[in-house]
file query.txt (compact mmCIF, C-alpha atoms)
# COMPACT_ATOMS: atom_id res chain seq x y z
CA MET A 1 -6.03 -5.21 25.87
CA ALA A 2 -8.84 -5.49 23.32
CA GLY A 3 -8.54 -3.43 20.18
CA THR A 4 -8.86 -3.47 16.44
CA VAL A 5 -5.80 -4.43 14.44
CA ALA A 6 -5.13 -4.65 10.72
CA LEU A 7 -3.00 -7.56 9.50
CA ILE A 8 -1.65 -6.84 6.03
CA VAL A 9 -0.26 -9.79 4.10
CA ALA A 10 2.75 -8.86 1.96
CA ALA A 11 5.02 -11.90 1.94
CA GLY A 12 4.32 -13.13 -1.60
CA ARG A 13 6.77 -13.12 -4.47
CA GLY A 14 4.31 -12.06 -7.21
CA HIS A 15 5.96 -14.07 -9.98
CA ARG A 16 3.01 -13.58 -12.35
CA MET A 17 3.86 -9.89 -12.54
CA GLY A 18 7.20 -10.67 -14.18
CA ALA A 19 8.84 -7.71 -12.41
CA ALA A 20 12.21 -7.45 -10.70
CA LEU A 21 10.51 -6.73 -7.38
CA PRO A 22 7.55 -8.38 -5.65
CA LYS A 23 4.42 -6.52 -6.79
CA GLN A 24 3.70 -5.08 -3.35
CA TYR A 25 6.96 -3.11 -3.57
CA LEU A 26 6.56 -1.75 -7.09
CA PRO A 27 6.39 2.05 -7.40
CA LEU A 28 2.93 3.63 -7.42
CA MET A 29 2.26 7.37 -7.30
CA GLY A 30 5.72 8.12 -5.91
CA HIS A 31 5.57 5.45 -3.19
CA ARG A 32 5.31 1.65 -3.14
CA VAL A 33 2.11 -0.34 -3.61
CA LEU A 34 2.34 -1.53 0.00
CA SER A 35 2.72 2.07 1.23
CA HIS A 36 -0.78 2.90 0.04
CA ALA A 37 -2.30 -0.26 1.55
CA VAL A 38 -0.72 0.33 4.97
CA ALA A 39 -1.65 4.03 5.01
CA ALA A 40 -5.30 3.26 4.21
CA PHE A 41 -5.61 1.47 7.57
CA ALA A 42 -3.12 3.40 9.70
CA ARG A 43 -4.87 6.72 9.09
CA LEU A 44 -8.26 5.51 10.41
CA SER A 45 -9.15 6.25 14.02
CA GLU A 46 -10.95 2.89 14.21
CA ILE A 47 -7.67 1.02 13.68
CA ASP A 48 -5.49 0.77 16.79
CA SER A 49 -2.48 -0.93 15.24
CA VAL A 50 -1.17 -2.38 11.97
CA CYS A 51 0.97 -5.47 11.52
CA VAL A 52 2.47 -6.50 8.18
CA ALA A 53 3.54 -10.04 7.30
CA ILE A 54 6.60 -9.84 5.03
CA HIS A 55 9.10 -12.16 3.40
CA PRO A 56 12.24 -12.42 5.57
CA ASP A 57 14.33 -11.12 2.65
CA ASP A 58 12.22 -7.98 2.22
CA ARG A 59 12.93 -6.00 5.40
CA THR A 60 14.75 -3.20 3.57
CA LEU A 61 11.93 -2.92 1.04
CA TYR A 62 9.37 -2.89 3.85
CA ASP A 63 11.21 -0.15 5.75
CA ASP A 64 11.28 1.96 2.61
CA ALA A 65 7.56 1.34 2.01
CA VAL A 66 6.49 2.57 5.45
CA ALA A 67 8.98 5.46 5.63
CA PRO A 68 6.53 7.99 4.04
CA LEU A 69 3.90 7.46 6.75
CA GLY A 70 3.20 10.37 9.05
CA ARG A 71 4.15 10.28 12.72
CA ALA A 72 0.67 9.30 13.94
CA GLN A 73 0.41 6.54 11.33
CA SER A 74 3.91 5.21 12.03
CA ALA A 75 3.09 5.02 15.72
CA LYS A 76 0.46 2.38 14.93
CA LEU A 77 2.92 0.06 13.17
CA LEU A 78 3.90 -3.11 14.98
CA GLU A 79 7.10 -4.97 14.24
CA PRO A 80 6.57 -6.88 10.96
CA VAL A 81 6.18 -10.64 11.22
CA ALA A 82 7.85 -13.19 8.95
CA GLY A 83 5.46 -14.72 6.43
CA GLY A 84 5.33 -18.35 5.39
CA PRO A 85 5.52 -20.25 2.10
CA GLU A 86 1.79 -19.77 1.40
CA ARG A 87 -0.59 -16.90 2.13
CA GLN A 88 -2.44 -18.99 4.69
CA ASP A 89 0.83 -19.62 6.54
CA SER A 90 1.60 -15.88 6.56
CA VAL A 91 -1.81 -15.04 8.01
CA LEU A 92 -1.47 -17.65 10.74
CA ASN A 93 2.01 -16.36 11.63
CA GLY A 94 0.58 -12.85 11.85
CA LEU A 95 -2.39 -13.89 13.97
CA GLU A 96 -0.21 -15.81 16.39
CA SER A 97 2.16 -12.85 16.74
CA LEU A 98 -0.84 -10.70 17.72
CA GLU A 99 -2.33 -13.15 20.22
CA PRO A 100 -0.44 -11.85 23.30
CA SER A 101 -2.03 -8.39 22.88
CA VAL A 102 -5.54 -9.94 22.83
CA PRO A 103 -7.13 -7.86 20.06
CA GLY A 104 -10.89 -7.97 19.73
CA ILE A 105 -11.12 -7.61 15.95
CA VAL A 106 -8.65 -8.25 13.14
CA LEU A 107 -8.90 -7.03 9.56
CA ILE A 108 -6.90 -9.16 7.12
CA HIS A 109 -5.93 -7.38 3.91
CA ASP A 110 -3.77 -8.10 0.88
CA GLY A 111 -0.80 -5.76 0.59
CA ALA A 112 -1.29 -5.70 -3.18
CA ARG A 113 -4.68 -3.94 -2.84
CA PRO A 114 -3.55 -0.30 -2.59
CA ALA A 115 -6.82 1.48 -3.39
CA VAL A 116 -8.98 0.28 -0.49
CA ASP A 117 -10.91 3.18 1.03
CA GLY A 118 -11.88 4.04 4.58
CA ALA A 119 -15.63 3.71 4.07
CA LEU A 120 -15.23 0.13 2.83
CA ILE A 121 -13.00 -0.75 5.78
CA ARG A 122 -15.53 0.68 8.21
CA ARG A 123 -18.36 -1.32 6.60
CA THR A 124 -16.62 -4.59 7.40
CA ILE A 125 -16.09 -3.53 11.03
CA ALA A 126 -19.70 -2.40 11.40
CA ALA A 127 -21.01 -5.81 10.30
CA LEU A 128 -19.55 -7.30 13.49
CA ASP A 129 -21.22 -4.79 15.81
CA GLY A 130 -23.81 -5.78 18.38
CA ALA A 131 -25.10 -9.04 19.74
CA ASN A 132 -26.48 -10.03 16.34
CA GLY A 133 -23.29 -9.17 14.47
CA ALA A 134 -21.56 -11.78 12.33
CA ASP A 135 -18.35 -13.59 13.30
CA GLY A 136 -16.76 -12.09 10.22
CA ALA A 137 -17.42 -9.85 7.25
CA ILE A 138 -15.73 -9.54 3.88
CA ALA A 139 -15.75 -6.90 1.18
CA ALA A 140 -17.23 -8.40 -1.98
CA VAL A 141 -18.72 -7.38 -5.32
CA PRO A 142 -21.73 -9.12 -6.91
CA VAL A 143 -20.93 -10.89 -10.17
CA SER A 144 -22.59 -9.02 -13.05
CA ASP A 145 -20.96 -10.66 -16.08
CA THR A 146 -22.27 -13.87 -17.59
CA LEU A 147 -19.99 -16.74 -16.54
CA LYS A 148 -18.88 -19.53 -18.87
CA ARG A 149 -17.31 -22.85 -17.99
CA ALA A 150 -14.49 -23.78 -20.37
CA GLY A 151 -13.59 -27.13 -21.80
CA ASP A 152 -11.11 -28.51 -24.33
CA ASP A 153 -7.84 -26.93 -25.40
CA PRO A 154 -7.97 -24.38 -26.99
CA PRO A 155 -10.85 -23.36 -24.73
CA ARG A 156 -14.40 -23.91 -25.89
CA ILE A 157 -17.57 -23.09 -23.97
CA ALA A 158 -18.66 -26.13 -22.02
CA GLY A 159 -21.56 -24.48 -20.21
CA THR A 160 -23.00 -21.34 -18.68
CA VAL A 161 -22.73 -20.85 -14.93
CA GLU A 162 -25.72 -19.41 -13.08
CA ARG A 163 -24.44 -16.14 -11.62
CA SER A 164 -27.34 -15.45 -9.27
CA GLY A 165 -26.03 -15.13 -5.72
CA LEU A 166 -22.36 -15.13 -6.77
CA TRP A 167 -19.95 -12.54 -5.37
CA ARG A 168 -16.28 -11.80 -6.00
CA ALA A 169 -14.41 -11.77 -2.68
CA GLN A 170 -12.03 -8.95 -1.84
CA THR A 171 -10.18 -7.84 1.25
CA PRO A 172 -10.30 -6.63 3.96
CA GLN A 173 -11.81 -9.70 5.55
CA THR A 174 -12.68 -8.80 9.11
CA PHE A 175 -13.21 -11.20 12.01
CA ARG A 176 -13.50 -11.53 15.74
CA PHE A 177 -9.90 -12.28 16.56
CA ALA A 178 -10.22 -15.35 18.77
CA ALA A 179 -12.61 -17.04 16.34
CA ILE A 180 -10.45 -16.61 13.22
CA LEU A 181 -7.26 -17.58 15.06
CA ALA A 182 -8.88 -20.84 16.17
CA ALA A 183 -10.19 -21.42 12.64
CA HIS A 184 -6.75 -20.87 11.11
CA ARG A 185 -5.12 -23.24 13.54
CA LYS A 186 -7.71 -25.88 12.73
CA ALA A 187 -7.17 -25.39 8.97
CA ARG A 188 -3.38 -25.55 9.15
CA GLY A 189 -1.95 -27.25 6.04
CA GLN A 190 -5.19 -27.17 3.99
CA ASN A 191 -4.16 -24.18 1.80
CA LEU A 192 -7.65 -22.71 1.42
CA THR A 193 -8.02 -19.74 -0.93
CA ASP A 194 -8.95 -16.99 1.54
CA ASP A 195 -9.70 -16.34 5.20
CA ALA A 196 -13.45 -16.44 4.60
CA ALA A 197 -13.10 -20.03 3.34
CA ILE A 198 -11.24 -20.88 6.54
CA ALA A 199 -13.99 -19.25 8.59
CA GLU A 200 -16.67 -21.14 6.64
CA ALA A 201 -14.88 -24.44 7.26
CA ALA A 202 -14.94 -23.67 10.98
CA GLY A 203 -18.68 -22.93 10.92
CA LEU A 204 -18.37 -19.19 11.48
CA SER A 205 -20.99 -16.79 10.13
CA VAL A 206 -19.49 -14.43 7.56
CA ALA A 207 -21.37 -11.41 6.21
CA LEU A 208 -20.92 -9.91 2.75
CA VAL A 209 -20.60 -6.12 2.63
CA PRO A 210 -20.39 -4.03 -0.53
CA GLY A 211 -16.86 -3.84 -1.87
CA SER A 212 -15.64 -1.62 -4.66
CA GLU A 213 -14.50 -2.11 -8.23
CA ASP A 214 -11.68 0.30 -7.38
CA ASN A 215 -10.42 -2.07 -4.67
CA LEU A 216 -8.42 -4.03 -7.21
CA LYS A 217 -5.61 -6.47 -6.52
CA VAL A 218 -2.46 -5.60 -8.44
CA THR A 219 -1.54 -8.70 -10.44
CA THR A 220 -0.52 -7.38 -13.87
CA VAL A 221 1.11 -4.28 -15.33
CA ASP A 222 -2.35 -3.16 -16.47
CA ASP A 223 -3.58 -3.40 -12.87
CA LEU A 224 -0.76 -1.14 -11.75
CA ALA A 225 -1.70 1.46 -14.35
CA ARG A 226 -5.35 1.27 -13.29
CA ALA A 227 -4.39 1.65 -9.62
CA GLU A 228 -2.49 4.81 -10.52
CA ARG A 229 -5.54 6.20 -12.30
CA ILE A 230 -7.73 5.40 -9.28
CA LEU A 231 -5.40 6.85 -6.68
CA GLY A 232 -4.31 9.81 -8.74
CA GLY A 233 -7.66 10.50 -10.28
CA ALA A 234 -7.86 10.51 -14.07
CA SER A 235 -9.54 13.89 -13.70
CA ARG A 236 -9.02 16.29 -10.80
CA GLU A 237 -10.97 19.25 -9.60
CA THR A 238 -10.00 22.10 -7.31
CA ARG A 239 -12.07 22.86 -4.22
CA VAL A 240 -11.69 25.90 -1.98
CA GLY A 241 -13.05 26.12 1.56
CA SER A 242 -13.00 28.92 4.11
CA GLY A 243 -13.02 28.93 7.89
CA PHE A 244 -13.34 31.50 10.66
CA ASP A 245 -13.00 31.25 14.43
CA ALA A 246 -12.65 33.63 17.36
CA HIS A 247 -11.94 33.18 21.08
CA ARG A 248 -11.99 35.71 23.88
CA PHE A 249 -9.16 36.16 26.33
CA GLY A 250 -9.34 34.68 29.82
CA PRO A 251 -6.97 33.69 32.61
CA GLY A 252 -3.67 32.17 31.61
CA ASP A 253 -0.07 32.84 30.65
CA ARG A 254 -0.05 31.64 27.04
CA VAL A 255 -2.23 31.17 23.98
CA MET A 256 -2.24 28.23 21.56
CA LEU A 257 -2.20 29.46 17.96
CA CYS A 258 -1.68 27.24 14.91
CA GLY A 259 -0.35 24.50 17.19
CA VAL A 260 2.28 26.73 18.85
CA ALA A 261 2.26 27.94 22.46
CA VAL A 262 2.82 31.73 22.53
CA ALA A 263 3.56 33.44 25.84
CA HIS A 264 0.99 36.10 26.77
CA ASP A 265 -0.56 37.67 29.86
CA HIS A 266 -3.87 35.97 29.05
CA GLY A 267 -5.07 32.60 27.83
CA LEU A 268 -7.89 31.83 25.40
CA VAL A 269 -11.30 30.65 26.56
CA GLY A 270 -12.58 27.59 24.71
CA HIS A 271 -13.92 24.09 25.22
CA SER A 272 -10.72 22.68 23.72
CA ASP A 273 -7.38 24.48 23.82
CA GLY A 274 -8.93 27.51 22.07
CA ASP A 275 -6.59 27.39 19.07
CA ALA A 276 -8.43 29.73 16.70
CA GLY A 277 -5.89 29.18 13.92
CA LEU A 278 -6.25 25.40 13.80
CA HIS A 279 -10.02 25.67 14.24
CA ALA A 280 -10.29 27.97 11.22
CA LEU A 281 -8.02 25.73 9.13
CA THR A 282 -10.00 22.63 10.12
CA ASP A 283 -13.27 24.29 9.11
CA ALA A 284 -11.72 25.39 5.81
CA VAL A 285 -10.75 21.80 4.94
CA LEU A 286 -14.12 20.43 6.09
CA GLY A 287 -15.89 23.09 4.06
CA ALA A 288 -14.05 22.23 0.87
CA LEU A 289 -14.98 18.59 1.43
CA GLY A 290 -18.62 19.36 2.17
CA ARG A 291 -18.28 17.67 5.57
CA GLY A 292 -19.94 20.28 7.77
CA ASP A 293 -17.95 22.14 10.41
CA ILE A 294 -15.85 21.40 13.44
CA GLY A 295 -18.87 21.51 15.76
CA ASP A 296 -20.55 18.68 13.86
CA HIS A 297 -17.66 16.32 14.59
CA PHE A 298 -16.46 17.66 17.96
CA PRO A 299 -19.48 19.19 19.76
CA SER A 300 -18.64 21.80 22.39
CA ASP A 301 -21.01 20.11 24.85
CA ASP A 302 -19.10 16.81 24.68
CA PRO A 303 -16.78 16.51 27.70
CA ALA A 304 -14.46 14.26 25.68
CA TRP A 305 -13.06 17.35 23.94
CA ARG A 306 -12.53 19.52 27.01
CA ASP A 307 -9.00 20.98 26.84
CA ALA A 308 -8.28 18.77 23.80
CA ASP A 309 -5.34 19.46 21.51
CA SER A 310 -6.87 21.05 18.39
CA ALA A 311 -4.44 19.05 16.26
CA LEU A 312 -6.85 16.14 16.83
CA PHE A 313 -9.57 18.08 15.01
CA ALA A 314 -7.29 18.98 12.13
CA ARG A 315 -6.15 15.38 11.72
CA ARG A 316 -9.77 14.23 11.57
CA ALA A 317 -10.36 16.63 8.68
CA LEU A 318 -7.20 15.25 7.05
CA GLU A 319 -8.57 11.74 7.47
CA PHE A 320 -11.74 12.74 5.62
CA LEU A 321 -9.60 14.23 2.86
CA ARG A 322 -7.60 11.04 2.44
CA GLU A 323 -10.75 8.96 2.32
CA ALA A 324 -11.84 11.16 -0.58
CA ARG A 325 -8.44 10.53 -2.22
CA GLY A 326 -7.73 14.22 -2.19
CA GLU A 327 -4.71 16.28 -1.30
CA ILE A 328 -3.98 19.70 0.10
CA VAL A 329 -2.71 22.17 -2.47
CA PHE A 330 -2.34 25.13 -0.11
CA LEU A 331 -3.40 26.38 3.32
CA ASP A 332 -3.59 30.10 4.17
CA VAL A 333 -4.46 31.45 7.60
CA THR A 334 -4.59 35.04 8.85
CA MET A 335 -4.48 35.75 12.58
CA LEU A 336 -6.24 38.92 13.78
CA CYS A 337 -5.26 40.42 17.12
CA GLU A 338 -3.63 43.42 18.77
CA ALA A 339 -1.47 41.24 21.01
CA PRO A 340 0.57 39.13 21.42
CA ARG A 341 3.00 39.93 18.64
CA LEU A 342 2.98 36.93 16.30
CA ALA A 343 5.70 37.76 13.76
CA PRO A 344 8.44 35.95 15.75
CA HIS A 345 6.31 32.77 15.77
CA ARG A 346 5.14 32.64 12.15
CA GLU A 347 7.75 30.19 10.92
CA ALA A 348 7.14 27.84 13.85
CA MET A 349 3.43 28.01 13.08
CA ARG A 350 4.00 27.20 9.41
CA ARG A 351 6.11 24.20 10.31
CA ARG A 352 3.59 22.96 12.89
CA ILE A 353 0.64 23.31 10.49
CA ALA A 354 2.62 21.48 7.81
CA GLU A 355 3.39 18.68 10.26
CA ILE A 356 -0.23 18.32 11.39
CA PHE A 357 -1.63 18.27 7.85
CA ALA A 358 1.27 16.16 6.47
CA ILE A 359 2.32 18.65 3.79
CA ALA A 360 5.43 20.66 3.01
CA PRO A 361 5.84 24.02 4.79
CA SER A 362 5.97 25.63 1.34
CA ARG A 363 2.25 24.82 1.05
CA VAL A 364 1.37 26.86 4.16
CA SER A 365 1.03 30.61 4.65
CA VAL A 366 0.60 32.26 8.05
CA LYS A 367 -0.10 35.98 8.29
CA ALA A 368 -0.98 38.29 11.16
CA THR A 369 -2.69 41.65 11.23
CA THR A 370 -4.53 44.02 13.56
CA THR A 371 -7.87 45.81 13.19
CA ASP A 372 -6.39 49.25 13.93
CA GLY A 373 -8.17 49.39 17.26
CA LEU A 374 -11.60 48.63 15.85
CA GLY A 375 -14.12 46.22 17.40
CA PHE A 376 -13.60 43.58 20.06
CA LEU A 377 -10.28 42.60 18.51
CA GLY A 378 -9.09 46.19 18.55
CA ARG A 379 -10.05 46.48 22.20
CA GLY A 380 -7.82 43.50 22.95
CA GLU A 381 -10.67 41.25 24.05
CA GLY A 382 -9.66 38.21 22.02
CA ILE A 383 -8.13 36.67 18.92
CA ALA A 384 -9.70 35.62 15.60
CA ALA A 385 -8.49 33.68 12.59
CA GLN A 386 -9.70 33.25 9.06
CA ALA A 387 -8.41 30.53 6.78
CA THR A 388 -8.63 29.23 3.24
CA ALA A 389 -7.92 25.66 2.14
CA THR A 390 -7.31 24.76 -1.49
CA LEU A 391 -7.75 21.04 -2.19
CA ALA A 392 -7.37 18.79 -5.23
CA LEU A 393 -9.93 15.96 -5.46
CA PRO A 394 -11.00 13.40 -8.03
CA SER A 395 -13.72 14.95 -10.17
CA ALA A 396 -17.21 14.19 -8.95
CA THR A 397 -19.27 11.78 -11.04
CA PRO A 398 -21.96 13.73 -12.96
call {"tool": "encode", "arguments": {"input": "query.txt", "output": "structure tokens"}}
result
Amino acid sequence: MAGTVALIVAAGRGHRMGAALPKQYLPLMGHRVLSHAVAAFARLSEIDSVCVAIHPDDRTLYDDAVAPLGRAQSAKLLEPVAGGPERQDSVLNGLESLEPSVPGIVLIHDGARPAVDGALIRRTIAALDGANGADGAIAAVPVSDTLKRAGDDPPRIAGTVERSGLWRAQTPQTFRFAAILAAHRKARGQNLTDDAAIAEAAGLSVALVPGSEDNLKVTTVDDLARAERILGGASRETRVGSGFDAHRFGPGDRVMLCGVAVAHDHGLVGHSDGDAGLHALTDAVLGALGRGDIGDHFPSDDPAWRDADSALFARRALEFLREARGEIVFLDVTMLCEAPRLAPHREAMRRRIAEIFAIAPSRVSVKATTTDGLGFLGRGEGIAAQATATLALPSATP
């Protein structure tokens, strides 16, 4: 079945780093370098599955690297494939392992590039869209420094290289699957420097899309420190967003609130499952990110979201947050209704919210109150929720 798969190459030894472990398994922000690279792809809705090429001796390290992934992200992981002696061999092994599933598009990425962001990944995919799309697309950065050719030893300037039209190639490098597999098979044994060079040799058209200076490849100890600054944010700011939602009662024998089914003599009327708690929380996160509201991303007139699990909406907001390299500091939601009685379900709601937003339950508060018989809520006509999301994000550039 056609799909879009990420192939992450992580079979190298990284001897230049001089570390006890291969660089892709070094610690970074409490996880391993590879953990960040895999998560960057696994959390995107555009990516159907993720395969990692690893050294046969590194299975324990790999398992530890992917252990922090959330349930939805882990579900996208395929069994890792054994890499080869050179990067090109590892990519070919990975591509051939994917061939039986007949993917349509493959994104090839270096496991030592932990700071790749979702927008960059999507740009490479978009360059392949449509009848006039390229066979492949790579992330790249135009060369801005003056380039010198060296000669002699110790080095002396032997000439200046014209930099016009020169770009520094990064990953991901994204291709139509069948085309790049055929190109790799044809180039077997040539040891070309990247997948774009293999595509060029096969006559494929490869587009350049804007990369990012933050999308660095960890090669030295200084690179690791810079990656930590990028991912952690040298300067952080706090954002607070609020959300509100209400649904009226209708036929049914239960209500969905904060991801938990609560028995009741009515259901909630809504285009999705009517979960006012998750809707309010989703809007609170979107608001703090400046990404509009739930209706912008999941319109009520779109039949695709009829009876949908509201956890899908919350996870989309979480995806936006991760693209912004932010994190949830705290979520607070208050449920307003006369019935059903919610106190017995509060802990289950906290745990479910924590699971959906991939945070600890200690970062979630769920409260319930009534309106003392006032208004439509007091008359028992429905349920409302108001929520606040506190986020930590890298400081905006002035």
call {"tool": "atom_distance", "arguments": {"input": "query.txt", "atom1": "CA of Ser144 in chain A", "atom2": "CA of Gly111 in chain A"}}
result
25.9 Å
call {"tool": "closest_residue", "arguments": {"input": "query.txt", "among": "A:Phe313, A:Phe320, A:Phe249, A:Phe298", "to": "Gly380 in chain A", "atoms": "only C-alpha atoms"}}
result
A:Phe249
call {"tool": "closest_residue", "arguments": {"input": "query.txt", "among": "A:Asp57, A:Asp89, A:Glu228, A:Asp117", "to": "Arg322 in chain A", "atoms": "all atoms listed in the file"}}
result
A:Asp117
call {"tool": "closest_atom_pairs", "arguments": {"input": "query.txt", "of": "range 53-120 of chain A", "to": "range 129-139 of chain A", "cutoff": "12 Å", "atoms": "only C-alpha atoms", "output": "CSV"}}
result
residue,atom,partner,partner_atom,distance
A:Gly104,CA,A:Asp135,CA,11.3
A:Ile105,CA,A:Gly136,CA,9.2
A:Val106,CA,A:Gly136,CA,9.4
A:Leu107,CA,A:Ile138,CA,9.2
A:Ile108,CA,A:Ile138,CA,9.4
A:His109,CA,A:Ile138,CA,10.0
A:Val116,CA,A:Ala139,CA,10.0
A:Asp117,CA,A:Ala139,CA,11.2
A:Ala119,CA,A:Ala139,CA,11.0
A:Leu120,CA,A:Ala139,CA,7.2
call {"tool": "atom_distance", "arguments": {"input": "query.txt", "atom1": "CA of Ala6 in chain A", "atom2": "CA of Val38 in chain A"}}
result
8.8 Å
call {"tool": "closest_residue", "arguments": {"input": "query.txt", "among": "A:Gly118, A:Leu224, A:Phe330, A:Ala179", "to": "Val206 in chain A", "atoms": "only C-alpha atoms"}}
result
A:Ala179
call {"tool": "residues_around", "arguments": {"input": "query.txt", "residues": "Ala183 in chain A", "least_positions_apart": "2", "cutoff": "9 Å", "atoms": "all atoms listed in the file", "output": "PyMOL selection string"}}
result
chain A and resi 178-181+185-188+198-204
call {"tool": "closest_residue", "arguments": {"input": "query.txt", "among": "A:Val161, A:Val209, A:Val66, A:Thr146", "to": "Ile121 in chain A", "atoms": "only C-alpha atoms"}}
result
A:Val209
call {"tool": "atom_distance", "arguments": {"input": "query.txt", "atom1": "CA of Gly94 in chain A", "atom2": "CA of Ala20 in chain A"}}
result
25.9 Å
call {"tool": "residues_near_point", "arguments": {"input": "query.txt", "point": "(8.0, -4.1, 14.7)", "cutoff": "12 Å", "atoms": "only C-alpha atoms", "output": "VMD selection string"}}
result
chain A and resid 49 to 54 59 62 to 63 66 74 to 82 94 97 to 98
